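Asks: Would you mind keeping the following structure in view while I ask a few things?
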Amino acid sequence: MTTHETEVDPSRLSMPIGEAMFTQRAIRRYRPDPIPIDDLQLVLEAAVRAPNGGNQQVARFLVVTDRDSLRAFGALYREAWWAKRHDEGFADFEALPARFHPAAGLADAMGGVAGDVPCVVLAFAVRNGSADSVIPAVQNLMLAARALGIGSVPTTLHPAVMTRVYDLFAVPSDVAFHFCVPLGYPQGNFGPNVRRPTRETTYLDRWDGPVPWA
């Protein structure tokens, strides 16, 4: 990407926060359309405004849109995804439970020849920082993307590929990797999402203590 310094307009993220949260879902199928640079800048500006420990601002983001780089990274992503499945005892696609099938599709599409994933954001922390100050930033990024109609999903990698990922992007060794976030316009629709009721996932005052709305 070329240098493109402009003032962002936060009012473009005018979708009510409730709508963004209640319709956000893991998007793993993308159209190949590129994301405008102004939209990428806006979601990154939203990301860096997230709360972070001591205002040390350790989060760093590597935005990848170059087709060749995406293809090279995509091969590593797919290898990492299958390394995790092999660790879990799944030998091949036929052995995978159905819940893994969408993620397997993303692993195949990531950086593929068809160019299905137009952008990947890798989230790091300098000084080998923990994820504490990166997680809120990634959530901000994903909510801002949702407000712009851009789909996303938080993913990770596997130790088997990390040295090659760092070499591919010339990442310093004292920078800690935390998340990989594909971005793109969805094939399909956003929410409403389906979640278990909070009366089953939330307790009051003690473990298994029922909440008032139960």
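Going through the structure tokens in order, the chains are called A, B, and so on, while each chain numbers its residues from 1 and the ligands are numbered from 1 in the order shown.
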As a list in words, please: every residue in stretch 24-127 of chain A that a backbone DSSP assignment puts in strand (DSSP E).
Replies: Ala59, Arg60, Phe61, Leu62, Val63, Val64, Cys119, Val120, Val121, Leu122, Ala123, Phe124 and Ala125 of chain A
Asks: Selection from above, N, CA and C atoms, as a PDB file, in the first residue's frame, can you write it?
Replies:
```pdb
ATOM      1  N   ALA A  59       0.066  -2.604  21.221  1.00  0.00           N
ATOM      2  CA  ALA A  59      -0.503  -3.304  20.069  1.00  0.00           C
ATOM      3  C   ALA A  59       0.070  -2.749  18.767  1.00  0.00           C
ATOM      4  N   ARG A  60       0.376  -3.656  17.847  1.00  0.00           N
ATOM      5  CA  ARG A  60       0.825  -3.296  16.514  1.00  0.00           C
ATOM      6  C   ARG A  60       0.071  -4.148  15.506  1.00  0.00           C
ATOM      7  N   PHE A  61      -0.179  -3.570  14.321  1.00  0.00           N
ATOM      8  CA  PHE A  61      -0.995  -4.250  13.325  1.00  0.00           C
ATOM      9  C   PHE A  61      -0.266  -4.281  11.989  1.00  0.00           C
ATOM     10  N   LEU A  62      -0.183  -5.462  11.421  1.00  0.00           N
ATOM     11  CA  LEU A  62       0.391  -5.637  10.092  1.00  0.00           C
ATOM     12  C   LEU A  62      -0.747  -5.932   9.126  1.00  0.00           C
ATOM     13  N   VAL A  63      -1.013  -4.999   8.216  1.00  0.00           N
ATOM     14  CA  VAL A  63      -2.111  -5.121   7.265  1.00  0.00           C
ATOM     15  C   VAL A  63      -1.553  -5.670   5.956  1.00  0.00           C
ATOM     16  N   VAL A  64      -2.089  -6.793   5.521  1.00  0.00           N
ATOM     17  CA  VAL A  64      -1.582  -7.458   4.324  1.00  0.00           C
ATOM     18  C   VAL A  64      -2.658  -7.442   3.246  1.00  0.00           C
ATOM     19  N   CYS A 119      -7.853  -9.177   2.429  1.00  0.00           N
ATOM     20  CA  CYS A 119      -7.026  -8.499   3.426  1.00  0.00           C
ATOM     21  C   CYS A 119      -6.906  -9.366   4.677  1.00  0.00           C
ATOM     22  N   VAL A 120      -5.727  -9.354   5.265  1.00  0.00           N
ATOM     23  CA  VAL A 120      -5.504 -10.008   6.556  1.00  0.00           C
ATOM     24  C   VAL A 120      -4.798  -9.015   7.457  1.00  0.00           C
ATOM     25  N   VAL A 121      -5.266  -8.883   8.698  1.00  0.00           N
ATOM     26  CA  VAL A 121      -4.610  -8.049   9.693  1.00  0.00           C
ATOM     27  C   VAL A 121      -4.001  -8.964  10.749  1.00  0.00           C
ATOM     28  N   LEU A 122      -2.697  -8.856  10.937  1.00  0.00           N
ATOM     29  CA  LEU A 122      -2.009  -9.605  11.987  1.00  0.00           C
ATOM     30  C   LEU A 122      -1.786  -8.668  13.165  1.00  0.00           C
ATOM     31  N   ALA A 123      -2.211  -9.090  14.350  1.00  0.00           N
ATOM     32  CA  ALA A 123      -2.130  -8.261  15.551  1.00  0.00           C
ATOM     33  C   ALA A 123      -1.004  -8.759  16.450  1.00  0.00           C
ATOM     34  N   PHE A 124      -0.110  -7.848  16.814  1.00  0.00           N
ATOM     35  CA  PHE A 124       1.064  -8.158  17.622  1.00  0.00           C
ATOM     36  C   PHE A 124       1.113  -7.263  18.851  1.00  0.00           C
ATOM     37  N   ALA A 125       2.092  -7.528  19.713  1.00  0.00           N
ATOM     38  CA  ALA A 125       2.407  -6.636  20.829  1.00  0.00           C
ATOM     39  C   ALA A 125       3.922  -6.484  20.894  1.00  0.00           C
TER      40      ALA A 125
END
```
Asks: Give me, as JSON, numbers by chain, all polymer residues having an atom no more than 6 Å from stretch 137-141 of chain A, counting only C-alpha atoms and skipping those fewer than 3 positions away in the same chain.
Replies: {"A": [43, 46, 47, 48, 50, 134, 144]}
Asks: Any chance you could export the current selection's all heavy atoms as a compact mmCIF listing (two decimals), in the first residue's frame?
Replies:
```
# COMPACT_ATOMS: atom_id res chain seq x y z
N VAL A 43 -10.87 1.50 10.34
CA VAL A 43 -10.99 0.40 11.31
C VAL A 43 -9.73 0.31 12.17
O VAL A 43 -9.80 -0.06 13.34
CB VAL A 43 -11.31 -0.94 10.63
CG1 VAL A 43 -12.63 -0.88 9.88
CG2 VAL A 43 -10.19 -1.42 9.71
N ALA A 46 -9.98 2.96 14.81
CA ALA A 46 -10.87 2.49 15.87
C ALA A 46 -10.15 1.50 16.77
O ALA A 46 -10.31 1.52 18.00
CB ALA A 46 -12.12 1.85 15.26
N ALA A 47 -9.32 0.65 16.18
CA ALA A 47 -8.61 -0.36 16.96
C ALA A 47 -7.68 0.28 17.99
O ALA A 47 -7.66 -0.12 19.16
CB ALA A 47 -7.82 -1.28 16.03
N VAL A 48 -6.91 1.28 17.58
CA VAL A 48 -5.90 1.83 18.50
C VAL A 48 -6.52 2.67 19.61
O VAL A 48 -5.83 3.03 20.56
CB VAL A 48 -4.85 2.66 17.74
CG1 VAL A 48 -4.16 1.81 16.69
CG2 VAL A 48 -5.45 3.91 17.11
N ALA A 50 -8.85 1.55 21.57
CA ALA A 50 -9.36 0.63 22.59
C ALA A 50 -8.59 0.82 23.90
O ALA A 50 -7.45 1.29 23.91
CB ALA A 50 -9.21 -0.81 22.11
N VAL A 134 -4.18 -6.22 23.46
CA VAL A 134 -4.42 -6.45 22.04
C VAL A 134 -5.87 -6.90 21.80
O VAL A 134 -6.49 -6.51 20.81
CB VAL A 134 -3.43 -7.50 21.50
CG1 VAL A 134 -3.68 -7.77 20.02
CG2 VAL A 134 -2.00 -7.02 21.71
N ALA A 144 -15.79 -2.03 14.19
CA ALA A 144 -15.74 -0.97 13.18
C ALA A 144 -15.92 -1.55 11.79
O ALA A 144 -16.62 -0.98 10.94
CB ALA A 144 -14.41 -0.21 13.29
```
Asks: Could you give me, as a PyMOL selection string, the residues within 12 Å of A:Thr163, counting only C-alpha atoms and dropping anything in the same chain fewer than 5 positions from it?
Replies: chain A and resi 76+80+157-158+168-173+176-177
Asks: Keeping only N, CA, C and O atoms, write the selected residues to a file as a CSV table (one decimal), in the first residue's frame.
Replies:
```
chain,number,residue,atom,x,y,z
A,76,LEU,N,0.8,-20.8,4.7
A,76,LEU,CA,1.3,-21.0,6.1
A,76,LEU,C,0.0,-21.1,7.0
A,76,LEU,O,0.0,-21.9,7.9
A,80,ALA,N,-0.9,-24.2,9.3
A,80,ALA,CA,-1.1,-24.0,10.8
A,80,ALA,C,-2.5,-24.5,11.2
A,80,ALA,O,-2.6,-25.2,12.3
A,157,LEU,N,-2.6,-18.9,14.9
A,157,LEU,CA,-1.7,-19.7,14.1
A,157,LEU,C,-1.2,-20.9,14.9
A,157,LEU,O,-1.8,-21.2,15.9
A,158,HIS,N,-0.1,-21.5,14.5
A,158,HIS,CA,0.4,-22.6,15.2
A,158,HIS,C,1.9,-22.5,15.3
A,158,HIS,O,2.5,-21.9,14.3
A,168,LEU,N,8.7,-14.1,6.7
A,168,LEU,CA,7.9,-13.6,5.5
A,168,LEU,C,7.7,-12.1,5.6
A,168,LEU,O,7.8,-11.4,4.6
A,169,PHE,N,7.4,-11.6,6.8
A,169,PHE,CA,7.0,-10.2,7.0
A,169,PHE,C,8.1,-9.4,7.7
A,169,PHE,O,7.8,-8.3,8.1
A,170,ALA,N,9.3,-10.0,8.0
A,170,ALA,CA,10.4,-9.3,8.6
A,170,ALA,C,10.0,-8.8,10.0
A,170,ALA,O,10.3,-7.7,10.4
A,171,VAL,N,9.2,-9.6,10.7
A,171,VAL,CA,8.8,-9.2,12.1
A,171,VAL,C,9.9,-9.4,13.1
A,171,VAL,O,10.5,-10.5,13.1
A,172,PRO,N,10.2,-8.4,13.9
A,172,PRO,CA,11.3,-8.6,14.9
A,172,PRO,C,11.0,-9.7,15.9
A,172,PRO,O,9.8,-10.0,16.2
A,173,SER,N,12.0,-10.3,16.4
A,173,SER,CA,11.8,-11.5,17.3
A,173,SER,C,11.2,-11.1,18.7
A,173,SER,O,10.7,-11.9,19.4
A,176,ALA,N,5.5,-10.0,19.9
A,176,ALA,CA,4.6,-11.2,20.1
A,176,ALA,C,3.4,-11.2,19.2
A,176,ALA,O,2.6,-10.2,19.2
A,177,PHE,N,3.2,-12.3,18.5
A,177,PHE,CA,2.0,-12.5,17.7
A,177,PHE,C,0.8,-12.9,18.6
A,177,PHE,O,1.0,-13.7,19.5
```
Asks: I'd like the neighbourhood of stretch 7-17 of chain A as a VMD selection string, where a residue qualifies if any of its atoms comes within 12 Å (using only C-alpha atoms), though same-chain residues fewer than 3 positions away should be ignored.
Replies: chain A and resid 4 20 to 24 37 to 46 49 140 to 150
Asks: Output C-alpha atoms of each residue in that selection to a file, as a PDB file, in the first residue's frame.
Replies:
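After the write, out-v2.pdb holds the following:
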```pdb
ATOM      1  CA  HIS A   4      -2.172   7.751   2.365  1.00  0.00           C
ATOM      2  CA  ALA A  20     -23.167  -4.009  15.477  1.00  0.00           C
ATOM      3  CA  MET A  21     -22.799  -6.316  18.484  1.00  0.00           C
ATOM      4  CA  PHE A  22     -26.016  -8.238  18.004  1.00  0.00           C
ATOM      5  CA  THR A  23     -25.473  -8.850  14.274  1.00  0.00           C
ATOM      6  CA  GLN A  24     -21.739  -9.517  14.349  1.00  0.00           C
ATOM      7  CA  ILE A  37      -7.805   2.191   1.900  1.00  0.00           C
ATOM      8  CA  ASP A  38      -9.918   4.786   3.713  1.00  0.00           C
ATOM      9  CA  ASP A  39     -11.976   1.988   5.274  1.00  0.00           C
ATOM     10  CA  LEU A  40      -8.860   0.123   6.357  1.00  0.00           C
ATOM     11  CA  GLN A  41      -7.503   3.278   7.955  1.00  0.00           C
ATOM     12  CA  LEU A  42     -10.791   3.887   9.782  1.00  0.00           C
ATOM     13  CA  VAL A  43     -10.990   0.403  11.310  1.00  0.00           C
ATOM     14  CA  LEU A  44      -7.339   0.655  12.415  1.00  0.00           C
ATOM     15  CA  GLU A  45      -7.990   4.086  13.954  1.00  0.00           C
ATOM     16  CA  ALA A  46     -10.873   2.493  15.871  1.00  0.00           C
ATOM     17  CA  ARG A  49      -8.474   3.714  20.566  1.00  0.00           C
ATOM     18  CA  ASN A 140     -12.748  -2.566  18.197  1.00  0.00           C
ATOM     19  CA  LEU A 141     -11.359  -3.333  14.754  1.00  0.00           C
ATOM     20  CA  MET A 142     -13.965  -6.016  14.147  1.00  0.00           C
ATOM     21  CA  LEU A 143     -16.876  -3.872  15.361  1.00  0.00           C
ATOM     22  CA  ALA A 144     -15.737  -0.969  13.184  1.00  0.00           C
ATOM     23  CA  ALA A 145     -15.460  -3.351  10.239  1.00  0.00           C
ATOM     24  CA  ARG A 146     -19.005  -4.586  10.912  1.00  0.00           C
ATOM     25  CA  ALA A 147     -20.291  -1.000  10.837  1.00  0.00           C
ATOM     26  CA  LEU A 148     -18.758  -0.625   7.376  1.00  0.00           C
ATOM     27  CA  GLY A 149     -20.221  -3.902   6.121  1.00  0.00           C
ATOM     28  CA  ILE A 150     -16.872  -5.693   6.284  1.00  0.00           C
TER      29      ILE A 150
END
```
Asks: For A:Pro182, please output as an NGL selection string all residues within 9 Å (counting only C-alpha atoms; exclusion window: fewer than 5 positions along the same chain).
Replies: :A and (27-28 or 110 or 117-122 or 151-155)
Asks: Which is closest to A:Thr156 among A:Leu204, A:Ala107, A:Val175, A:Leu96, if we use only C-alpha atoms?
Replies: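 Counting only C-alpha atoms, the residue closest to A:Thr156 is A:Ala107.
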Asks: Rounded to one decimal place, report the atom CA of A:Val211-atom CA of A:Glu19 distance in Å.
Replies: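 Calculated distance between atom CA of A:Val211 and atom CA of A:Glu19 is 24.2 Å.
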Asks: Atom CA of A:Thr201 to atom CA of A:Pro136: how many Å, to one decimal?
Replies: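 So the two atoms, atom CA of A:Thr201 and atom CA of A:Pro136, lie 21.1 Å apart.
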Asks: So how many Å separate atom CA of A:Asn128 and atom CA of A:Gly53, to one decimal?
Replies: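 Computed distance, atom CA of A:Asn128 to atom CA of A:Gly53, equals 14.1 Å.
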